[in-house]
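Printed here is protein06.txt (compact mmCIF, C-alpha atoms and all ligand atoms):
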# COMPACT_ATOMS: atom_id res chain seq x y z
CA MET A 1 0.66 4.45 15.56
CA ILE A 2 3.53 6.88 15.25
CA ALA A 3 6.02 5.72 17.79
CA ALA A 4 8.91 6.84 15.72
CA MET A 5 7.94 10.38 14.98
CA PHE A 6 6.90 11.28 18.46
CA LEU A 7 9.84 9.80 20.25
CA ALA A 8 12.29 11.11 17.74
CA ALA A 9 10.91 14.56 18.39
CA ALA A 10 10.93 14.08 22.14
CA LEU A 11 14.69 13.74 22.34
CA PRO A 12 17.51 16.02 21.24
CA LEU A 13 18.22 15.66 17.54
CA PHE A 14 21.80 15.58 16.41
CA ALA A 15 23.24 15.90 12.97
CA GLU A 16 25.14 12.83 11.89
CA ASP A 17 28.00 14.78 10.41
CA ALA A 18 28.84 16.31 13.79
CA PRO A 19 31.03 13.68 15.52
CA LEU A 20 28.97 13.88 18.69
CA LEU A 21 29.14 10.83 20.95
CA ALA A 22 26.36 9.52 23.17
CA GLU A 23 28.34 10.20 26.36
CA ASP A 24 28.75 13.87 25.39
CA ALA A 25 25.16 14.40 24.31
CA TYR A 26 23.37 12.55 27.12
CA LYS A 27 23.78 12.73 30.89
CA ASN A 28 24.43 9.22 32.13
CA ILE A 29 25.96 6.95 29.51
CA GLN A 30 28.07 4.23 31.11
CA VAL A 31 28.19 1.33 28.63
CA LEU A 32 27.15 2.75 25.27
CA ARG A 33 30.22 4.99 25.22
CA GLY A 34 31.60 5.60 21.75
CA LEU A 35 28.18 5.18 20.12
CA HIS A 36 27.22 8.09 17.85
CA ALA A 37 24.64 10.20 19.66
CA SER A 38 22.41 10.03 16.58
CA GLU A 39 22.20 6.22 16.98
CA LEU A 40 21.14 6.21 20.64
CA GLN A 41 17.42 6.61 20.05
CA ASN A 42 17.22 3.77 17.54
CA THR A 43 19.34 1.60 19.85
CA MET A 44 16.67 2.18 22.54
CA PHE A 45 13.93 1.26 20.04
CA PHE A 46 15.85 -1.89 19.20
CA MET A 47 16.01 -2.97 22.87
CA LYS A 48 12.37 -2.05 23.41
CA GLY A 49 11.35 -4.16 20.42
CA ALA A 50 13.61 -7.11 21.23
CA LEU A 51 12.09 -7.36 24.72
CA GLY A 52 8.55 -6.49 23.64
CA VAL A 53 8.27 -3.81 26.35
CA ASN A 54 7.85 -0.05 26.43
CA CYS A 55 10.52 2.47 27.45
CA ASN A 56 9.39 2.44 31.07
CA HIS A 57 10.31 -1.19 31.51
CA CYS A 58 13.86 0.16 32.09
CA HIS A 59 13.19 3.86 32.72
CA VAL A 60 11.04 5.62 35.28
CA ASN A 61 9.06 8.07 33.16
CA PHE A 62 9.18 9.53 29.68
CA ARG A 63 11.40 12.45 30.63
CA GLU A 64 14.23 11.63 33.01
CA PHE A 65 15.88 8.89 30.97
CA GLU A 66 19.22 9.52 32.72
CA LYS A 67 17.90 8.32 36.11
CA ASP A 68 19.04 4.93 37.40
CA ASP A 69 16.05 4.29 39.71
CA ASN A 70 14.70 1.32 37.75
CA PRO A 71 16.73 -1.85 38.49
CA LYS A 72 15.94 -3.20 35.00
CA LYS A 73 18.23 -0.49 33.61
CA ALA A 74 21.17 -2.05 35.47
CA VAL A 75 20.24 -5.50 34.09
CA ALA A 76 20.09 -3.98 30.59
CA ARG A 77 23.57 -2.46 31.07
CA ARG A 78 24.98 -5.88 31.99
CA MET A 79 23.20 -7.42 28.98
CA ILE A 80 24.65 -4.75 26.66
CA GLN A 81 28.14 -5.55 27.98
CA MET A 82 27.53 -9.27 27.52
CA VAL A 83 26.35 -8.77 23.91
CA ARG A 84 29.26 -6.50 23.11
CA SER A 85 31.86 -8.85 24.53
CA LEU A 86 30.31 -11.85 22.72
CA ASN A 87 30.43 -9.99 19.43
CA GLU A 88 33.98 -8.82 20.07
CA SER A 89 35.37 -12.16 21.24
CA GLN A 90 33.45 -14.47 18.87
CA PHE A 91 32.40 -12.49 15.82
CA GLY A 92 35.23 -10.10 15.04
CA GLY A 93 33.33 -7.11 16.43
CA GLN A 94 30.40 -7.46 13.98
CA PRO A 95 26.87 -7.06 15.45
CA VAL A 96 25.97 -10.76 15.00
CA ILE A 97 24.44 -11.41 18.43
CA SER A 98 21.78 -8.92 19.52
CA CYS A 99 19.20 -8.72 22.28
CA ASN A 100 16.77 -10.32 19.87
CA THR A 101 18.91 -13.44 19.41
CA CYS A 102 17.63 -14.56 22.81
CA HIS A 103 14.69 -12.34 23.70
CA ARG A 104 12.54 -12.56 20.51
CA GLY A 105 9.99 -10.07 21.73
CA GLN A 106 9.78 -11.14 25.39
CA PRO A 107 11.39 -9.70 28.55
CA ARG A 108 12.41 -13.14 29.83
CA PRO A 109 13.50 -15.46 27.09
CA ALA A 110 11.58 -18.64 27.75
CA ALA A 111 12.64 -21.20 25.21
CA PRO A 112 11.23 -24.61 26.07
CA LEU A 113 11.87 -27.14 23.34
CA ALA A 114 8.71 -27.76 21.37
CA PHE A 115 7.30 -31.15 20.41
CA ALA A 116 7.86 -31.75 16.73
CA PRO A 117 4.54 -31.75 14.85
CA ILE A 118 3.59 -35.04 13.17
CA ARG A 119 4.03 -34.54 9.47
CA GLU A 120 2.13 -36.02 6.58
CA SER A 121 4.41 -37.80 4.19
CA ARG A 122 2.02 -37.61 1.23
CA PRO A 123 2.93 -34.77 -1.12
CA VAL A 124 0.49 -31.90 -0.79
CA ALA A 125 -0.34 -29.88 -3.89
CA LYS A 126 0.67 -26.26 -3.32
CA PRO A 127 -1.92 -23.62 -4.22
CA ALA A 128 -0.75 -21.75 -7.29
CA ASP A 129 0.63 -18.26 -6.62
CA ALA A 130 -1.04 -15.30 -8.30
CA PRO A 131 0.38 -15.19 -11.81
CA PRO A 132 3.33 -12.81 -12.14
CA PRO A 133 2.83 -9.89 -14.51
CA ALA A 134 4.06 -10.54 -18.04
CA SER A 135 6.58 -7.71 -17.70
CA LEU A 136 7.44 -5.14 -15.03
CA PRO A 137 6.46 -1.51 -15.48
CA THR A 138 9.19 1.15 -15.56
CA VAL A 139 9.91 3.67 -12.79
CA ASP A 140 8.42 6.39 -15.05
CA GLU A 141 5.24 4.39 -15.50
CA LEU A 142 4.85 3.71 -11.78
CA PHE A 143 5.27 7.37 -10.81
CA GLU A 144 2.91 8.42 -13.59
CA ARG A 145 0.30 5.91 -12.39
CA TYR A 146 0.76 7.20 -8.82
CA GLU A 147 0.28 10.78 -10.05
CA ASN A 148 -2.84 9.84 -12.03
CA ALA A 149 -4.25 7.78 -9.16
CA THR A 150 -3.95 10.77 -6.82
CA GLY A 151 -5.61 13.25 -9.19
CA GLY A 152 -3.35 13.79 -12.19
CA ARG A 153 -0.66 16.31 -13.07
CA ALA A 154 -2.99 19.31 -13.50
CA ALA A 155 -4.65 18.79 -10.11
CA HIS A 156 -1.25 18.50 -8.41
CA ALA A 157 0.03 21.61 -10.18
CA ARG A 158 -2.90 23.66 -8.80
CA ILE A 159 -1.79 23.07 -5.19
CA LYS A 160 0.74 25.73 -4.15
CA THR A 161 0.27 25.65 -0.40
CA ARG A 162 -1.35 23.16 1.88
CA LEU A 163 -2.19 22.98 5.57
CA LEU A 164 -2.61 19.54 7.08
CA THR A 165 -3.88 19.18 10.59
CA GLY A 166 -4.39 16.02 12.56
CA VAL A 167 -3.25 14.09 15.54
CA GLN A 168 -0.10 12.17 16.10
CA LEU A 169 -0.56 8.93 18.02
CA SER A 170 2.31 6.96 19.50
CA THR A 171 2.59 3.33 20.53
CA GLU A 172 3.42 4.67 24.00
CA GLY A 173 -0.09 6.09 24.25
CA ALA A 174 0.64 9.76 23.60
CA THR A 175 -1.79 11.78 21.43
CA ARG A 176 -0.52 15.13 20.20
CA PRO A 177 -2.00 17.78 17.89
CA PHE A 178 0.03 18.00 14.70
CA ARG A 179 0.13 20.54 11.85
CA LEU A 180 2.07 20.60 8.62
CA LEU A 181 2.12 23.80 6.61
CA GLN A 182 3.61 23.28 3.17
CA GLN A 183 4.67 25.59 0.40
CA LEU A 184 5.16 23.17 -2.48
CA PRO A 185 7.39 21.65 -3.62
CA ASP A 186 9.69 21.63 -0.59
CA ARG A 187 9.24 24.28 2.11
CA PHE A 188 7.44 23.42 5.31
CA VAL A 189 6.74 24.12 8.96
CA ARG A 190 5.77 21.09 11.05
CA THR A 191 4.33 21.74 14.49
CA LEU A 192 3.78 19.19 17.20
CA THR A 193 2.12 20.39 20.38
CA VAL A 194 3.70 18.61 23.34
CA ASP A 195 3.99 20.79 26.47
CA SER A 196 4.50 23.71 24.08
CA ASP A 197 4.68 23.92 20.28
CA TRP A 198 7.71 22.11 18.84
CA TYR A 199 8.77 23.06 15.34
CA GLU A 200 10.67 21.64 12.42
CA VAL A 201 11.17 24.14 9.62
CA PHE A 202 12.74 23.98 6.15
CA ASP A 203 13.14 27.22 4.19
CA GLY A 204 14.29 25.64 0.94
CA SER A 205 17.96 25.48 1.87
CA LYS A 206 18.34 25.04 5.64
CA ALA A 207 16.33 23.29 8.35
CA TRP A 208 15.94 23.86 12.08
CA SER A 209 14.07 22.33 14.94
CA ARG A 210 12.90 23.95 18.13
CA ASP A 211 11.79 21.82 21.08
CA ASN A 212 12.20 21.76 24.86
CA HIS A 213 15.97 21.29 24.35
CA GLY A 214 16.28 24.55 22.40
CA ALA A 215 16.94 25.20 18.72
CA HIS A 216 19.17 23.06 16.47
CA GLU A 217 20.07 23.07 12.84
CA LEU A 218 19.00 19.80 11.18
CA LYS A 219 21.42 18.20 8.75
CA SER A 220 22.24 15.06 6.76
CA THR A 221 20.10 12.05 7.81
CA ARG A 222 17.37 13.93 9.59
CA LEU A 223 17.15 16.59 6.90
CA ALA A 224 16.94 13.98 4.10
CA GLN A 225 14.18 12.14 5.97
CA LEU A 226 12.23 15.29 6.72
CA LYS A 227 12.39 16.44 3.10
CA ARG A 228 11.21 13.03 1.92
CA ASP A 229 8.39 12.92 4.50
CA ASN A 230 7.28 16.33 3.29
CA THR A 231 6.83 15.02 -0.27
CA LEU A 232 4.86 11.85 0.49
CA PHE A 233 1.69 13.22 -1.13
CA ASP A 234 3.30 14.72 -4.24
CA PRO A 235 4.67 12.22 -6.78
CA ALA A 236 7.10 14.46 -8.68
CA PRO A 237 8.82 16.05 -5.65
CA LEU A 238 8.89 12.64 -3.94
CA ARG A 239 10.67 11.09 -6.88
CA ALA A 240 13.20 13.94 -6.86
CA GLN A 241 14.36 12.91 -3.36
CA TYR A 242 15.79 9.65 -4.69
CA THR A 243 18.58 8.64 -7.04
CA ASP A 244 19.21 5.37 -8.89
CA LEU A 245 15.57 4.27 -8.78
CA LYS A 246 14.84 0.89 -10.34
CA VAL A 247 11.91 -1.52 -10.36
CA ILE A 248 13.07 -4.68 -8.60
CA GLY A 249 9.96 -6.85 -8.72
CA VAL A 250 6.59 -7.72 -7.24
CA GLU A 251 5.89 -8.37 -3.55
CA GLY A 252 2.36 -9.49 -2.70
CA SER A 253 0.03 -7.02 -4.37
CA ASP A 254 2.68 -4.32 -4.86
CA PHE A 255 5.31 -3.32 -7.39
CA VAL A 256 8.59 -2.59 -5.59
CA VAL A 257 10.96 0.22 -6.55
CA GLU A 258 14.39 0.54 -4.92
CA GLY A 259 16.58 3.63 -4.73
CA ILE A 260 18.98 5.76 -2.71
CA LEU A 261 17.88 8.58 -0.39
CA ALA A 262 20.82 10.88 0.40
CA ALA A 263 23.50 8.34 1.42
CA PHE A 264 21.00 5.60 2.28
CA ARG A 265 20.71 2.57 0.04
CA ASN A 266 17.98 -0.07 -0.06
CA GLN A 267 15.13 2.38 0.23
CA ARG A 268 12.04 0.70 -1.15
CA LEU A 269 8.78 2.20 -2.38
CA TYR A 270 5.73 -0.05 -2.79
CA PHE A 271 3.03 0.84 -5.32
CA ASP A 272 -0.26 -1.04 -5.24
CA ARG A 273 -0.64 -3.05 -8.45
CA ASP A 274 -4.37 -2.34 -8.75
CA SER A 275 -4.75 1.26 -7.64
CA GLY A 276 -1.27 2.58 -8.50
CA LEU A 277 -1.13 4.32 -5.10
CA LEU A 278 2.03 4.53 -2.97
CA VAL A 279 1.26 2.33 0.03
CA ARG A 280 4.56 1.73 1.81
CA ILE A 281 8.19 2.88 2.06
CA THR A 282 10.77 0.75 3.83
CA SER A 283 14.33 1.43 4.97
CA THR A 284 16.68 0.62 7.86
CA ALA A 285 18.28 2.73 10.62
CA LYS A 286 21.69 2.10 12.20
CA THR A 287 21.82 1.03 15.86
CA ALA A 288 24.45 -0.40 18.23
CA PHE A 289 23.03 -3.87 17.55
CA GLY A 290 22.71 -3.77 13.76
CA PRO A 291 20.04 -2.45 11.39
CA LEU A 292 16.55 -1.62 12.62
CA PRO A 293 13.85 -1.94 9.93
CA GLU A 294 11.64 1.13 9.50
CA GLU A 295 8.48 1.55 7.52
CA ILE A 296 6.08 4.29 6.49
CA ARG A 297 2.53 3.17 5.66
CA LEU A 298 0.05 5.29 3.75
CA GLU A 299 -3.56 4.20 4.16
CA ASP A 300 -7.14 5.28 3.67
CA TYR A 301 -6.67 7.54 0.63
CA ARG A 302 -9.50 10.07 0.20
CA GLU A 303 -10.06 12.86 -2.25
CA ILE A 304 -9.77 16.46 -1.04
CA ASP A 305 -9.85 19.36 -3.50
CA GLY A 306 -9.11 17.06 -6.43
CA ILE A 307 -6.18 15.23 -4.83
CA LYS A 308 -6.21 11.89 -3.09
CA LEU A 309 -4.42 12.01 0.25
CA PRO A 310 -3.82 9.25 2.80
CA MET A 311 -5.77 9.94 6.00
CA LEU A 312 -3.53 7.68 8.06
CA VAL A 313 0.25 7.84 7.80
CA SER A 314 2.17 5.52 10.13
CA PHE A 315 5.89 5.79 10.85
CA LEU A 316 6.80 2.42 12.28
CA LYS A 317 9.93 0.76 13.54
CA ARG A 318 9.97 -3.01 13.40
CA ASP A 319 10.06 -3.45 17.14
CA GLY A 320 8.06 -6.60 17.62
CA ALA A 321 5.41 -4.85 19.68
CA GLY A 322 3.42 -3.65 16.67
CA PRO A 323 1.07 -0.69 16.70
CA ARG A 324 -0.63 -0.33 20.05
CA ILE A 325 -3.86 1.42 20.87
CA PRO A 326 -3.46 4.35 23.26
CA GLU A 327 -3.66 2.81 26.72
CA ASN A 328 -5.66 5.62 28.25
CA ASP A 329 -8.36 5.48 25.58
CA PRO A 330 -10.34 2.22 25.49
CA ASP A 331 -12.69 3.67 22.88
CA TYR A 332 -9.88 4.61 20.53
CA LYS A 333 -11.01 4.75 16.90
CA PRO A 334 -8.74 5.61 13.98
CA HIS A 335 -8.85 9.33 13.37
CA ARG A 336 -11.28 10.42 10.69
CA PRO A 337 -11.40 13.72 8.86
CA ARG A 338 -13.65 16.29 10.45
CA LYS A 339 -16.47 18.04 8.64
CA ARG A 340 -15.51 20.16 5.67
CA ASN A 341 -16.50 23.44 7.30
CA LYS A 342 -13.91 22.93 10.02
CA ARG A 343 -11.08 23.03 7.54
CA VAL A 344 -8.69 25.85 8.08
CA SER A 345 -7.94 26.83 4.53
CA LYS A 346 -8.83 25.70 1.04
CA ASN A 347 -6.19 23.08 0.64
CA SER A 348 -6.12 21.79 4.17
CA TYR A 349 -7.37 18.52 5.47
CA ASP A 350 -7.28 16.50 8.61
CA ALA A 351 -4.65 13.84 8.37
CA GLY A 352 -4.77 11.29 11.12
CA SER A 353 -1.08 10.86 11.28
C1 LIG B 1 15.88 -2.86 28.03
C2 LIG B 1 15.98 -1.65 28.81
C3 LIG B 1 15.74 -0.32 28.10
C4 LIG B 1 14.66 0.05 27.36
C5 LIG B 1 13.43 -0.79 26.98
C6 LIG B 1 14.87 1.43 26.98
N1 LIG B 1 16.05 1.89 27.50
FE1 LIG B 1 16.81 3.75 27.33
N2 LIG B 1 18.44 3.21 28.39
C7 LIG B 1 18.69 1.95 28.88
C8 LIG B 1 20.02 1.91 29.44
C9 LIG B 1 20.67 0.69 30.07
C10 LIG B 1 20.56 3.20 29.30
C11 LIG B 1 21.93 3.66 29.74
C12 LIG B 1 22.97 3.22 28.73
C13 LIG B 1 24.39 3.41 29.23
O1 LIG B 1 24.62 3.53 30.43
O2 LIG B 1 25.31 3.41 28.36
C14 LIG B 1 19.54 4.00 28.63
C15 LIG B 1 19.69 5.34 28.32
C16 LIG B 1 18.74 6.11 27.68
C17 LIG B 1 18.88 7.51 27.38
C18 LIG B 1 20.05 8.39 27.75
C19 LIG B 1 19.69 9.18 29.00
C20 LIG B 1 20.84 10.02 29.53
O3 LIG B 1 20.74 11.26 29.46
O4 LIG B 1 21.83 9.41 30.00
C21 LIG B 1 17.75 7.90 26.73
C22 LIG B 1 17.42 9.28 26.20
C23 LIG B 1 16.90 6.73 26.63
N3 LIG B 1 17.53 5.65 27.22
C24 LIG B 1 15.67 6.73 26.03
C25 LIG B 1 14.87 5.58 25.87
C26 LIG B 1 13.63 5.57 25.14
C27 LIG B 1 12.99 6.77 24.47
C28 LIG B 1 13.17 4.29 25.18
C29 LIG B 1 11.92 3.71 24.52
C30 LIG B 1 11.89 3.86 23.07
C31 LIG B 1 14.12 3.52 25.95
N4 LIG B 1 15.15 4.33 26.34
C32 LIG B 1 14.00 2.17 26.21
C33 LIG B 1 17.82 0.88 28.85
C34 LIG B 1 16.61 0.85 28.18
C1 LIG B 2 22.39 -14.94 25.41
C2 LIG B 2 20.97 -14.63 25.56
C3 LIG B 2 20.62 -13.18 25.88
C4 LIG B 2 20.95 -12.06 25.19
C5 LIG B 2 21.79 -11.94 23.92
C6 LIG B 2 20.32 -10.93 25.87
N1 LIG B 2 19.63 -11.38 26.96
FE1 LIG B 2 18.60 -10.27 28.28
N2 LIG B 2 18.10 -11.90 29.33
C7 LIG B 2 18.48 -13.20 29.01
C8 LIG B 2 17.92 -14.11 29.99
C9 LIG B 2 18.08 -15.62 29.96
C10 LIG B 2 17.19 -13.34 30.91
C11 LIG B 2 16.38 -13.80 32.10
C12 LIG B 2 17.28 -13.88 33.28
C13 LIG B 2 16.51 -14.34 34.49
O1 LIG B 2 15.43 -14.89 34.32
O2 LIG B 2 17.02 -14.12 35.58
C14 LIG B 2 17.34 -11.95 30.46
C15 LIG B 2 16.77 -10.87 31.12
C16 LIG B 2 16.87 -9.55 30.70
C17 LIG B 2 16.26 -8.44 31.38
C18 LIG B 2 15.41 -8.50 32.62
C19 LIG B 2 13.99 -8.72 32.11
C20 LIG B 2 12.92 -8.66 33.16
O3 LIG B 2 11.95 -7.95 32.91
O4 LIG B 2 13.09 -9.32 34.17
C21 LIG B 2 16.57 -7.32 30.66
C22 LIG B 2 16.13 -5.89 30.95
C23 LIG B 2 17.37 -7.75 29.53
N3 LIG B 2 17.54 -9.12 29.61
C24 LIG B 2 17.84 -6.90 28.56
C25 LIG B 2 18.61 -7.33 27.48
C26 LIG B 2 19.12 -6.44 26.49
C27 LIG B 2 18.84 -4.94 26.44
C28 LIG B 2 19.84 -7.18 25.62
C29 LIG B 2 20.64 -6.69 24.41
C30 LIG B 2 21.62 -5.68 24.72
C31 LIG B 2 19.79 -8.56 26.09
N4 LIG B 2 19.03 -8.61 27.21
C32 LIG B 2 20.42 -9.63 25.47
C33 LIG B 2 19.24 -13.58 27.92
C34 LIG B 2 19.79 -12.74 27.00
Rewrite the coordinates I just gave you, this time as structure tokens.
Amino acid sequence: MIAAMFLAAALPLFAEDAPLLAEDAYKNIQVLRGLHASELQNTMFFMKGALGVNCNHCHVNFREFEKDDNPKKAVARRMIQMVRSLNESQFGGQPVISCNTCHRGQPRPAAPLAFAPIRESRPVAKPADAPPPASLPTVDELFERYENATGGRAAHARIKTRLLTGVQLSTEGATRPFRLLQQLPDRFVRTLTVDSDWYEVFDGSKAWSRDNHGAHELKSTRLAQLKRDNTLFDPAPLRAQYTDLKVIGVEGSDFVVEGILAAFRNQRLYFDRDSGLLVRITSTAKTAFGPLPEEIRLEDYREIDGIKLPMLVSFLKRDGAGPRIPENDPDYKPHRPRKRNKRVSKNSYDAGS
């Protein structure tokens, strides 16, 4: 389920405030020159989603992305040049045309004209929508309901440290052990076991990562996201990540709150109207072809030591392909918490993330 987190961790991470370009950070950039290095990964996700393929449609394996052995990579380079020149010559350099304008989730855009359906001319009565609430709740009320729904202020205040263990699944079929050690409200050590243990650490003022590309300080975008991700289970610290929060309406069965995270506008938090739980956060990432929608889903809330925690947390990019079941595991079942006696410490739980 977590394509985003795994792949983001699998590649070098660059701070957005360092003016590092893709051609300087990567080994074999021929057409995406001038793109900020921090936008390369999401640009790849965009192409993957627009074509409805996985990374290996254009690459040869999940490591040597710089190799040119796959002929589809050369086709993709020509397509990138075509899209860029169309946008430059016809649309004043704005990212109006993208891979998805033609591909729409398929590697070869087949667009036969469809037969028009025969329409009834009699007016059809529309089913009435669920009645809108008489008035919208306030941001304070929604966060208070979220806090109460997950155990209440006193129960949250009792938790000082927490160890979450679980597995991280990716849409590419990778399954990795994952641990998150938290000292509330904001310090953490996240560990993902790939070929060795990869770390992301925040000590309260600075953050670092350590992976197979060495150690880096994490800043701006990545730091803001990491800090927010670390507060997903704790209403008050989560709220503190955002500024300018306001309730903007109702969508389906959720109340929607919009706010700013670091420099990023249009961040939306969805609270279930019935349960009060936080169920979704949406935002967009910058890519060479325009914004890429991103979403965090929190599902399967269960109570552990007086606090309700989501057992499944999915970090998704809207890439058309949707969540995929690990290819090497036909009997894949969503991860479930293990027996209580296997827990590592009092406040730990198994989060299938
Ligand atoms: C539609 C084809 C296509 C897909 C799908 C695709 N890529 Fe790429 N990728 C390319 C092309 C083309 C380049 C080279 C761009 C250039 O020359 O400017 C590239 C370059 C890269 C690079 C830079 C390598 C280097 O050191 O030069 C990385 C890293 C990368 N891709 C990762 C990924 C990942 C991860 C995915 C899956 C999420 C992915 N790509 C999916 C076509 C693709
Ligand atoms: C104007 C429409 C259009 C746009 C925009 C477009 N493509 Fe294509 N693309 C096509 C068509 C048509 C084909 C099939 C060509 C053929 O059948 O020979 C194709 C084929 C491809 C293929 C080969 C697929 C395969 O598996 O055989 C790749 C890879 C590809 N496009 C990548 C991209 C990428 C990446 C972008 C965005 C940077 C992009 N395309 C944008 C029309 C487009």
Give me, please, the distance in Å between atom C4 of ligand LIG 1 (chain B) and CA of Leu192 in chain A, quoted to one decimal.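 Atom-to-atom, atom C4 of ligand LIG 1 (chain B) and CA of Leu192 in chain A are spaced 24.2 Å apart.
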Tell me which protein, DNA and RNA residues are within 6 Å of Arg268 in chain A, counting all atoms listed in the file, leaving out same-chain ones fewer than 6 positions away, and put them as a PDB file with C-alpha atoms, in the coordinates of the input.
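File result-v4.pdb, as written:
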ATOM      1  CA  VAL A 257      10.960   0.220  -6.550  1.00  0.00           C
ATOM      2  CA  GLU A 258      14.390   0.540  -4.920  1.00  0.00           C
ATOM      3  CA  ILE A 281       8.190   2.880   2.060  1.00  0.00           C
ATOM      4  CA  THR A 282      10.770   0.750   3.830  1.00  0.00           C
TER       5      THR A 282
END
May I have a table of the residues of chain A lying at most 9 Å from ligand LIG 1 (chain B), giving each one's closest pair of atoms and their distance in Å to one decimal, counting all atoms listed in the file, ordered by chain and ascending residue number, as a Markdown table?
| residue | atom | partner | partner_atom | distance |
| --- | --- | --- | --- | --- |
| A:Ala3 | CA | B:LIG1 | C30 | 8.1 |
| A:Ala4 | CA | B:LIG1 | C30 | 8.5 |
| A:Leu7 | CA | B:LIG1 | C27 | 6.1 |
| A:Ala8 | CA | B:LIG1 | C27 | 8.0 |
| A:Ala10 | CA | B:LIG1 | C27 | 7.9 |
| A:Leu11 | CA | B:LIG1 | C22 | 6.5 |
| A:Pro12 | CA | B:LIG1 | C22 | 8.4 |
| A:Ala22 | CA | B:LIG1 | C18 | 7.9 |
| A:Glu23 | CA | B:LIG1 | O4 | 7.5 |
| A:Ala25 | CA | B:LIG1 | O3 | 7.5 |
| A:Tyr26 | CA | B:LIG1 | O3 | 3.7 |
| A:Lys27 | CA | B:LIG1 | O3 | 3.7 |
| A:Asn28 | CA | B:LIG1 | O4 | 3.4 |
| A:Ile29 | CA | B:LIG1 | O2 | 3.8 |
| A:Gln30 | CA | B:LIG1 | O1 | 3.6 |
| A:Val31 | CA | B:LIG1 | O2 | 3.6 |
| A:Leu32 | CA | B:LIG1 | O2 | 3.7 |
| A:Arg33 | CA | B:LIG1 | O2 | 6.0 |
| A:Leu35 | CA | B:LIG1 | O2 | 8.9 |
| A:Leu40 | CA | B:LIG1 | C21 | 7.2 |
| A:Gln41 | CA | B:LIG1 | C24 | 6.2 |
| A:Asn42 | CA | B:LIG1 | C30 | 7.7 |
| A:Thr43 | CA | B:LIG1 | FE1 | 8.2 |
| A:Met44 | CA | B:LIG1 | C31 | 4.5 |
| A:Phe45 | CA | B:LIG1 | C30 | 4.5 |
| A:Phe46 | CA | B:LIG1 | C30 | 8.0 |
| A:Met47 | CA | B:LIG1 | C1 | 5.2 |
| A:Lys48 | CA | B:LIG1 | C5 | 3.9 |
| A:Gly49 | CA | B:LIG1 | C5 | 7.7 |
| A:Ala50 | CA | B:LIG1 | C1 | 8.3 |
| A:Leu51 | CA | B:LIG1 | C1 | 6.8 |
| A:Gly52 | CA | B:LIG1 | C5 | 8.2 |
| A:Val53 | CA | B:LIG1 | C5 | 6.0 |
| A:Asn54 | CA | B:LIG1 | C5 | 5.7 |
| A:Cys55 | CA | B:LIG1 | C29 | 3.5 |
| A:Asn56 | CA | B:LIG1 | C5 | 6.6 |
| A:His57 | CA | B:LIG1 | C5 | 5.5 |
| A:Cys58 | CA | B:LIG1 | C2 | 4.3 |
| A:His59 | CA | B:LIG1 | N1 | 6.3 |
| A:Phe62 | CA | B:LIG1 | C27 | 7.0 |
| A:Arg63 | CA | B:LIG1 | C22 | 8.1 |
| A:Glu64 | CA | B:LIG1 | C19 | 7.2 |
| A:Phe65 | CA | B:LIG1 | C19 | 4.3 |
| A:Glu66 | CA | B:LIG1 | C20 | 3.6 |
| A:Lys67 | CA | B:LIG1 | O4 | 7.3 |
| A:Asp68 | CA | B:LIG1 | C11 | 8.3 |
| A:Lys72 | CA | B:LIG1 | C2 | 6.4 |
| A:Lys73 | CA | B:LIG1 | C9 | 4.5 |
| A:Ala74 | CA | B:LIG1 | C9 | 6.1 |
| A:Val75 | CA | B:LIG1 | C9 | 7.4 |
| A:Ala76 | CA | B:LIG1 | C9 | 4.7 |
| A:Arg77 | CA | B:LIG1 | C9 | 4.4 |
| A:Arg78 | CA | B:LIG1 | C9 | 8.1 |
| A:Met79 | CA | B:LIG1 | C9 | 8.6 |
| A:Ile80 | CA | B:LIG1 | C9 | 7.6 |
| A:Cys99 | CA | B:LIG1 | C1 | 8.9 |
| A:Pro107 | CA | B:LIG1 | C1 | 8.2 |
| A:Glu172 | CA | B:LIG1 | C30 | 8.6 |
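With atom C27 of ligand LIG 2 (chain B) on one side and CA of Arg222 in chain A on the other, the separation reads 25.3 Å.
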Length of the atom C11 of ligand LIG 2 (chain B) to CA of Ser98 in chain A vector [Å]: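 Atom-to-atom, atom C11 of ligand LIG 2 (chain B) to CA of Ser98 in chain A, that is 14.5 Å.
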Could you check which of A:Leu142, A:Leu86, A:Asp197, A:Leu316 is closest to ligand LIG 2 (chain B), using only C-alpha atoms and all ligand atoms? A:Leu86
